[in-house]
Structures are given as C-alpha cells and as structure tokens.
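Peer 1: Structure file upload-v5.pdb (PDB, C-alpha atoms) right here:
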```pdb
ATOM      1  CA  MET R   1     245.763  -9.842-201.814
ATOM      2  CA  LEU R   2     242.215  -8.582-202.151
ATOM      3  CA  ARG R   3     240.620  -9.635-205.387
ATOM      4  CA  THR R   4     237.328  -8.229-206.520
ATOM      5  CA  THR R   5     235.159  -9.659-209.203
ATOM      6  CA  ALA R   6     231.945  -8.538-210.735
ATOM      7  CA  PRO R   7     229.031 -10.545-209.343
ATOM      8  CA  ARG R   8     227.856 -13.362-211.582
ATOM      9  CA  THR R   9     224.141 -13.474-212.277
ATOM     10  CA  ALA R  10     222.133 -16.503-211.210
ATOM     11  CA  VAL R  11     219.413 -17.391-213.654
ATOM     12  CA  PRO R  12     216.669 -19.707-212.422
ATOM     13  CA  THR R  13     216.662 -23.079-214.080
ATOM     14  CA  PRO R  14     213.743 -25.404-213.594
ATOM     15  CA  THR R  15     214.909 -28.381-211.599
ATOM     16  CA  ARG R  16     213.108 -31.364-210.218
ATOM     17  CA  THR R  17     214.479 -33.268-207.295
ATOM     18  CA  PRO R  18     213.852 -36.982-207.792
ATOM     19  CA  ALA R  19     212.790 -39.114-204.846
ATOM     20  CA  ARG R  20     216.208 -40.763-205.065
ATOM     21  CA  SER R  21     219.205 -38.975-206.487
ATOM     22  CA  PRO R  22     221.045 -41.145-209.025
ATOM     23  CA  ALA R  23     224.402 -40.061-207.595
ATOM     24  CA  ARG R  24     223.289 -40.969-204.090
ATOM     25  CA  SER R  25     221.066 -43.986-204.492
ATOM     26  CA  ALA R  26     221.768 -45.197-200.960
ATOM     27  CA  GLY R  27     219.826 -43.827-198.051
ATOM     28  CA  PRO R  28     216.239 -42.826-197.478
ATOM     29  CA  ALA R  29     214.156 -41.147-200.180
ATOM     30  CA  LEU R  30     213.037 -37.532-199.705
ATOM     31  CA  GLY R  31     209.498 -38.697-198.915
ATOM     32  CA  ASP R  32     210.842 -40.956-196.173
ATOM     33  CA  LEU R  33     212.881 -38.107-194.682
ATOM     34  CA  LEU R  34     209.831 -35.831-194.644
ATOM     35  CA  ALA R  35     207.623 -38.559-193.157
ATOM     36  CA  PHE R  36     210.186 -39.094-190.376
ATOM     37  CA  ALA R  37     210.372 -35.336-189.668
ATOM     38  CA  ARG R  38     206.564 -35.031-189.497
ATOM     39  CA  ARG R  39     206.151 -38.161-187.378
ATOM     40  CA  THR R  40     208.852 -37.031-184.940
ATOM     41  CA  ALA R  41     207.450 -33.481-184.816
ATOM     42  CA  ALA R  42     204.183 -34.992-183.566
ATOM     43  CA  ASP R  43     205.861 -37.101-180.836
ATOM     44  CA  PRO R  44     205.579 -35.312-177.462
ATOM     45  CA  GLY R  45     207.998 -37.786-175.846
ATOM     46  CA  VAL R  46     210.812 -36.787-178.194
ATOM     47  CA  LEU R  47     210.010 -33.069-178.096
ATOM     48  CA  SER R  48     209.967 -32.966-174.294
ATOM     49  CA  ARG R  49     213.681 -33.858-174.224
ATOM     50  CA  LEU R  50     214.642 -30.568-175.893
ATOM     51  CA  PRO R  51     216.034 -27.989-173.450
ATOM     52  CA  ARG R  52     214.809 -24.477-174.181
ATOM     53  CA  HIS R  53     216.707 -21.253-173.770
ATOM     54  CA  PRO R  54     215.015 -17.836-173.844
ATOM     55  CA  GLU R  55     217.535 -16.285-176.276
ATOM     56  CA  ASP R  56     219.582 -18.998-177.999
ATOM     57  CA  ARG R  57     218.611 -21.837-180.297
ATOM     58  CA  THR R  58     218.966 -25.282-178.723
ATOM     59  CA  TRP R  59     219.106 -28.734-180.307
ATOM     60  CA  ILE R  60     219.384 -32.427-179.645
ATOM     61  CA  ALA R  61     220.503 -35.136-182.045
ATOM     62  CA  LEU R  62     218.206 -38.075-182.787
ATOM     63  CA  PRO R  63     218.646 -41.476-184.382
ATOM     64  CA  ALA R  64     217.131 -41.434-187.851
ATOM     65  CA  PRO R  65     216.226 -44.102-190.421
ATOM     66  CA  GLY R  66     218.748 -45.466-192.884
ATOM     67  CA  GLY R  67     221.762 -43.772-191.307
ATOM     68  CA  ALA R  68     220.341 -40.264-191.771
ATOM     69  CA  GLU R  69     221.108 -37.466-189.312
ATOM     70  CA  ALA R  70     218.263 -35.808-187.380
ATOM     71  CA  TRP R  71     217.899 -32.909-184.971
ATOM     72  CA  VAL R  72     215.149 -31.386-182.854
ATOM     73  CA  ILE R  73     215.743 -27.622-182.771
ATOM     74  CA  GLY R  74     214.300 -25.000-180.435
ATOM     75  CA  TRP R  75     213.845 -21.488-181.804
ATOM     76  CA  PRO R  76     213.322 -18.587-179.359
ATOM     77  CA  PRO R  77     211.396 -15.633-180.787
ATOM     78  CA  GLY R  78     213.282 -13.818-183.539
ATOM     79  CA  THR R  79     216.097 -16.357-183.969
ATOM     80  CA  GLY R  80     217.226 -17.772-187.295
ATOM     81  CA  THR R  81     219.885 -19.638-189.190
ATOM     82  CA  GLY R  82     221.207 -17.095-191.665
ATOM     83  CA  TRP R  83     221.712 -18.115-195.302
ATOM     84  CA  HIS R  84     223.281 -21.569-195.673
ATOM     85  CA  ASP R  85     223.301 -24.841-197.587
ATOM     86  CA  HIS R  86     223.730 -28.410-196.379
ATOM     87  CA  GLY R  87     226.987 -29.409-198.035
ATOM     88  CA  GLY R  88     225.293 -31.519-200.713
ATOM     89  CA  SER R  89     222.965 -33.432-198.385
ATOM     90  CA  ARG R  90     219.266 -33.650-199.130
ATOM     91  CA  GLY R  91     216.798 -33.282-196.298
ATOM     92  CA  ALA R  92     213.483 -32.306-194.789
ATOM     93  CA  PHE R  93     212.131 -30.440-191.810
ATOM     94  CA  ALA R  94     208.791 -30.083-190.073
ATOM     95  CA  THR R  95     207.538 -27.568-187.539
ATOM     96  CA  ALA R  96     206.393 -29.169-184.286
ATOM     97  CA  SER R  97     205.168 -26.001-182.533
ATOM     98  CA  GLY R  98     205.073 -22.308-183.290
ATOM     99  CA  GLN R  99     205.788 -21.117-186.807
ATOM    100  CA  LEU R 100     208.886 -20.903-188.980
ATOM    101  CA  ARG R 101     209.497 -18.811-192.085
ATOM    102  CA  GLU R 102     211.784 -20.149-194.795
ATOM    103  CA  SER R 103     213.371 -17.979-197.480
ATOM    104  CA  SER R 104     215.180 -19.851-200.251
ATOM    105  CA  ILE R 105     216.602 -19.295-203.693
ATOM    106  CA  ALA R 106     215.585 -21.440-206.650
ATOM    107  CA  VAL R 107     218.929 -21.694-208.370
ATOM    108  CA  GLU R 108     221.792 -24.169-208.113
ATOM    109  CA  LEU R 109     224.975 -22.451-206.971
ATOM    110  CA  PRO R 110     228.461 -23.745-207.662
ATOM    111  CA  SER R 111     230.043 -25.144-204.498
ATOM    112  CA  ALA R 112     233.323 -23.235-204.982
ATOM    113  CA  GLY R 113     235.184 -20.805-207.209
ATOM    114  CA  TRP R 114     233.079 -17.679-206.852
ATOM    115  CA  GLU R 115     233.164 -14.558-204.689
ATOM    116  CA  ALA R 116     229.794 -12.963-205.365
ATOM    117  CA  TRP R 117     226.640 -13.977-207.180
ATOM    118  CA  GLU R 118     223.990 -11.517-208.298
ATOM    119  CA  LEU R 119     220.629 -13.216-208.039
ATOM    120  CA  ALA R 120     218.299 -12.712-210.974
ATOM    121  CA  ASP R 121     214.688 -11.667-210.571
ATOM    122  CA  GLY R 122     212.342 -14.522-209.782
ATOM    123  CA  VAL R 123     214.695 -16.798-207.819
ATOM    124  CA  ASP R 124     213.440 -15.905-204.321
ATOM    125  CA  ARG R 125     210.980 -18.249-202.656
ATOM    126  CA  GLY R 126     209.275 -17.964-199.280
ATOM    127  CA  ARG R 127     206.993 -20.121-197.205
ATOM    128  CA  GLU R 128     205.428 -20.134-193.791
ATOM    129  CA  LEU R 129     205.531 -23.428-191.922
ATOM    130  CA  ALA R 130     203.041 -23.589-189.074
ATOM    131  CA  ALA R 131     202.943 -26.503-186.641
ATOM    132  CA  GLY R 132     202.395 -29.755-188.535
ATOM    133  CA  ARG R 133     203.754 -28.444-191.848
ATOM    134  CA  GLY R 134     207.024 -29.533-193.381
ATOM    135  CA  ARG R 135     209.026 -29.571-196.578
ATOM    136  CA  ALA R 136     211.716 -31.623-198.275
ATOM    137  CA  PHE R 137     214.620 -30.320-200.341
ATOM    138  CA  GLY R 138     217.367 -31.555-202.628
ATOM    139  CA  PRO R 139     221.146 -31.421-202.293
ATOM    140  CA  HIS R 140     221.573 -27.899-203.754
ATOM    141  CA  HIS R 141     219.114 -26.104-201.470
ATOM    142  CA  VAL R 142     220.200 -22.694-200.121
ATOM    143  CA  HIS R 143     217.925 -21.093-197.536
ATOM    144  CA  GLN R 144     217.486 -19.356-194.234
ATOM    145  CA  VAL R 145     214.932 -20.247-191.583
ATOM    146  CA  VAL R 146     213.629 -17.888-188.886
ATOM    147  CA  ASN R 147     211.101 -17.863-186.101
ATOM    148  CA  PRO R 148     209.203 -14.668-186.995
ATOM    149  CA  SER R 149     207.303 -14.517-183.702
ATOM    150  CA  ARG R 150     208.109 -11.829-181.152
ATOM    151  CA  THR R 151     206.681 -13.894-178.291
ATOM    152  CA  GLU R 152     206.354 -17.601-179.143
ATOM    153  CA  HIS R 153     209.067 -20.264-179.065
ATOM    154  CA  ALA R 154     209.066 -22.648-182.056
ATOM    155  CA  VAL R 155     210.304 -26.244-182.284
ATOM    156  CA  SER R 156     211.137 -28.214-185.432
ATOM    157  CA  VAL R 157     212.618 -31.530-186.554
ATOM    158  CA  HIS R 158     215.304 -31.652-189.286
ATOM    159  CA  VAL R 159     216.700 -34.726-191.030
ATOM    160  CA  TYR R 160     219.520 -35.041-193.605
ATOM    161  CA  TRP R 161     220.970 -37.731-195.868
ATOM    162  CA  PRO R 162     223.815 -38.247-196.027
ATOM    163  CA  PRO R 163     224.658 -36.845-192.600
ATOM    164  CA  LEU R 164     225.836 -33.261-192.996
ATOM    165  CA  PRO R 165     229.472 -33.214-194.156
ATOM    166  CA  LEU R 166     229.584 -29.418-193.747
ATOM    167  CA  VAL R 167     227.415 -26.318-193.866
ATOM    168  CA  ARG R 168     228.347 -23.438-196.158
ATOM    169  CA  ARG R 169     227.307 -20.014-194.835
ATOM    170  CA  TYR R 170     226.426 -17.039-197.039
ATOM    171  CA  THR R 171     225.776 -13.323-196.593
ATOM    172  CA  ARG R 172     223.214 -11.531-198.650
ATOM    173  CA  ASP R 173     222.987  -7.839-199.482
ATOM    174  CA  GLY R 174     219.942  -7.248-201.660
ATOM    175  CA  ARG R 175     220.398  -9.442-204.718
ATOM    176  CA  VAL R 176     224.086 -10.218-204.068
ATOM    177  CA  LEU R 177     224.989 -13.467-202.297
ATOM    178  CA  ARG R 178     228.531 -14.087-201.057
ATOM    179  CA  PRO R 179     230.190 -17.112-199.432
ATOM    180  CA  ALA R 180     230.892 -16.333-195.773
ATOM    181  CA  GLY R 181     232.454 -19.505-194.413
ATOM    182  CA  VAL R 182     232.240 -23.230-193.973
ATOM    183  CA  GLU R 183     231.319 -25.026-190.752
ATOM    184  CA  GLN R 184     232.403 -28.585-190.044
ATOM    185  CA  PRO R 185     230.321 -31.037-187.956
ATOM    186  CA  GLN R 186     232.634 -30.746-184.948
ATOM    187  CA  GLU R 187     231.682 -27.041-184.740
ATOM    188  CA  TRP R 188     228.020 -27.735-183.991
TER     189      TRP R 188
END
```
Please, can you express the file's structure as structure tokens?

Peer 2:
Amino acid sequence: MLRTTAPRTAVPTPTRTPARSPARSAGPALGDLLAFARRTAADPGVLSRLPRHPEDRTWIALPAPGGAEAWVIGWPPGTGTGWHDHGGSRGAFATASGQLRESSIAVELPSAGWEAWELADGVDRGRELAAGRGRAFGPHHVHQVVNPSRTEHAVSVHVYWPPLPLVRRYTRDGRVLRPAGVEQPQEW
C-alpha cells in the first residue's frame, strides 16, 4: 500500500552540542575526536596506506582512541556521500589533502516515523574544508560531503563515537528530505 503524507516542516532550533553528551558520557569528547582526526590527517605514514582509485571512493579503517571508529577516505574528483546521518554517533573529520565541501542541515530530525520533511528557510549550512581544516558534529548531524574538484583527489580522516551502528540515507529534492534507506556496518 502506498501512503502519501504532506511533508512536515523542519524549523531550526538553536542547539549546542556539549563536549560530552549526558546520554553518552563514555567515550572521547568531541574535541578529542577532532584532535585525533587532525593529527591523523597530518600523518603521512597513515595516509600512504590508503589505496586510491580514479573513480571510486576508497577507505581503510584505523584504530582510534577510547574505542572510537576511524577511517581514512579517498575521494576522487566529483565523488560524494549523498545525504546521510551517523545513526546517533557523534564525530569529526579533517581534510588531509585536496578540498571537501560539506552541506548540512541545522535541524534535529526524528529517527523514524516520517516519510517526507519540508525544510524551512535558514536550515541549510555549507562549509569548505581545505587541507588541514576539520569539524566536529553531534549525534543528530545530517549532511553530505563532496570533493568539488574536477581534477584533484582529496583525502580525509573521519572518527565516530560510538562506532557507527548504522547510517541512514536520505534523498533531497529542493526543500524536501526523504528517508531513502538504512545501511548496516557489514555493508561497508
């Protein structure tokens, strides 16, 4: 049965992400995750282990502090993630080489029970992350990351706590965001 619903409107609410989430007091703080991502992004020994492919993203898993999960990711020109969240994990990433562009929405979405969400004006955020730059994010972060270059490969380091339990994928058509699927860790 196909059920259609009118899109709900997301209204931005100011939120602050504390260094340690009260619900998840165990594990590294956001600042520690970002420091690890930046430090690793500057380590040529770690980065040299990443295989590169001319058309597909590549990645290797890394040990991370405090039981966190970390990845070095290679981004050929024009590749990206699509819209997604991190299943309630908080995290950070830093660009090691090249440049990445992040688009995100500044609104907390419900994790289930909706079919379409009309995003209100003012919720879109964007940032350019050149080599050496990074950012941390809380457990409700929804974004997409792309390598905007037509010629240059990019490399980045990503770290998550707790380790990713799943990734929810979304499609976006203008201001309307829709759930598109859920990926489990064994699918990566």

Peer 1: Please compute the CA of Val72 (chain R)-CA of Arg133 (chain R) distance, one decimal, in Å.

Peer 2: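 Straight-line distance from CA of Val72 (chain R) to CA of Arg133 (chain R) works out to 14.8 Å.
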
Peer 1: Mind running region 90-157 of chain R against region 172-177 of chain R at 8 Å and telling me each contacting residue's nearest atom pair with the distance in Å (one decimal), counting only C-alpha atoms, chain and number ascending, as a Markdown table?

Peer 2:
```
| residue | atom | partner | partner_atom | distance |
| --- | --- | --- | --- | --- |
| R:Ala116 | CA | R:Leu177 | CA | 5.7 |
| R:Trp117 | CA | R:Leu177 | CA | 5.2 |
| R:Glu118 | CA | R:Val176 | CA | 4.4 |
| R:Leu119 | CA | R:Arg175 | CA | 5.0 |
| R:Ala120 | CA | R:Arg175 | CA | 7.4 |
```

Peer 1: Residues at most 8 Å from Trp161 (chain R), counting only C-alpha atoms, excluding those fewer than 5 positions away in the same chain, as a list of chain:residue names?

Peer 2: R:Gly27, R:Pro28, R:Gly67, R:Ala68, R:Glu69, R:Ser89, R:Arg90, R:Gly91

Peer 1: Closest to Ala37 (chain R) among R:Gly82, R:Pro165, R:Pro139, R:Pro65, using only C-alpha atoms?

Peer 2: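 Distance minimum relative to Ala37 (chain R) lands on R:Pro65.
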
Peer 1: One number please: CA of Glu55 (chain R) to CA of Leu34 (chain R), in Å, one decimal.

Peer 2: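 Here the two named atoms are 27.9 Å from each other.
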
Peer 1: How many Å lie between CA of Ala42 (chain R) and CA of His84 (chain R), rounded to one decimal?

Peer 2: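 The value is 26.3 Å.
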
Peer 1: Since I can't run it myself right now, could you work out what the PyMOL selection byres ((chain R and resi 157) around 6) selects here and report it as a list in words?

Peer 2: Ala37, Ala41, Trp71, Val72, Phe93, Ala94, Ser156 and His158 of chain R

Peer 1: I'd like the neighbourhood of Gln99 (chain R) as a PDB file with C-alpha atoms, in the frame of the given file, where a residue qualifies if any of its atoms comes within 8 Å (using only C-alpha atoms), though same-chain residues fewer than 3 positions away should be ignored.

Peer 2:
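Ended up saving to result.pdb:
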```
ATOM      1  CA  THR R  95     207.538 -27.568-187.539  1.00  0.00           C
ATOM      2  CA  GLU R 128     205.428 -20.134-193.791  1.00  0.00           C
ATOM      3  CA  LEU R 129     205.531 -23.428-191.922  1.00  0.00           C
ATOM      4  CA  ALA R 130     203.041 -23.589-189.074  1.00  0.00           C
ATOM      5  CA  ALA R 131     202.943 -26.503-186.641  1.00  0.00           C
ATOM      6  CA  ASN R 147     211.101 -17.863-186.101  1.00  0.00           C
ATOM      7  CA  PRO R 148     209.203 -14.668-186.995  1.00  0.00           C
ATOM      8  CA  SER R 149     207.303 -14.517-183.702  1.00  0.00           C
ATOM      9  CA  ALA R 154     209.066 -22.648-182.056  1.00  0.00           C
TER      10      ALA R 154
END
```

Peer 1: Restricting the calculation to all atoms listed in the file: of R:Pro162, R:Gly31, R:Gly74, R:Gly132, which residue gets closest to Arg49 (chain R)?

Peer 2: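 Among R:Pro162, R:Gly31, R:Gly74, R:Gly132, it is R:Gly74 that comes nearest to Arg49 (chain R).
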
Peer 1: With only C-alpha atoms as the basis for distance, which of R:Gly126, R:Val155, R:Asp56, R:Gly45 is at the shortest distance from Ala96 (chain R)?

Peer 2: R:Val155

Peer 1: Between R:Leu100, R:Val182, R:Val142, R:Leu62, which one has atoms that come closest to Trp83 (chain R), using all atoms listed in the file?

Peer 2: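 Closest to Trp83 (chain R) of all the choices is R:Val142.
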
Peer 1: Please evaluate the PyMOL selection byres ((chain R and resi 170) around 6) against the structure above and give the resulting residues as a VMD selection string.

Peer 2: chain R and resid 83 to 84 169 171 178 to 180

Peer 1: From the list R:Gly80, R:Gly98, R:Pro51, R:Pro63, which residue is nearest His153 (chain R) when using all atoms listed in the file?

Peer 2: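 Nearest candidate to His153 (chain R) out of R:Gly80, R:Gly98, R:Pro51, R:Pro63: R:Gly98.
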
Peer 1: Please write the residues picked by the PyMOL selection byres ((chain R and resi 105-111) around 6) on this file as a list in words.

Peer 2: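 This file, filtered by the PyMOL selection byres ((chain R and resi 105-111) around 6), leaves Pro12, Ser104, Ala112, Val123, Asp124, Arg125 and His140 of chain R.
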
Peer 1: With all atoms listed in the file as the basis for distance, which of R:Pro163, R:Gly113, R:Asp121, R:Glu102 is at the shortest distance from His143 (chain R)?

Peer 2: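 Ranked by minimum distance to His143 (chain R), first place goes to R:Glu102.
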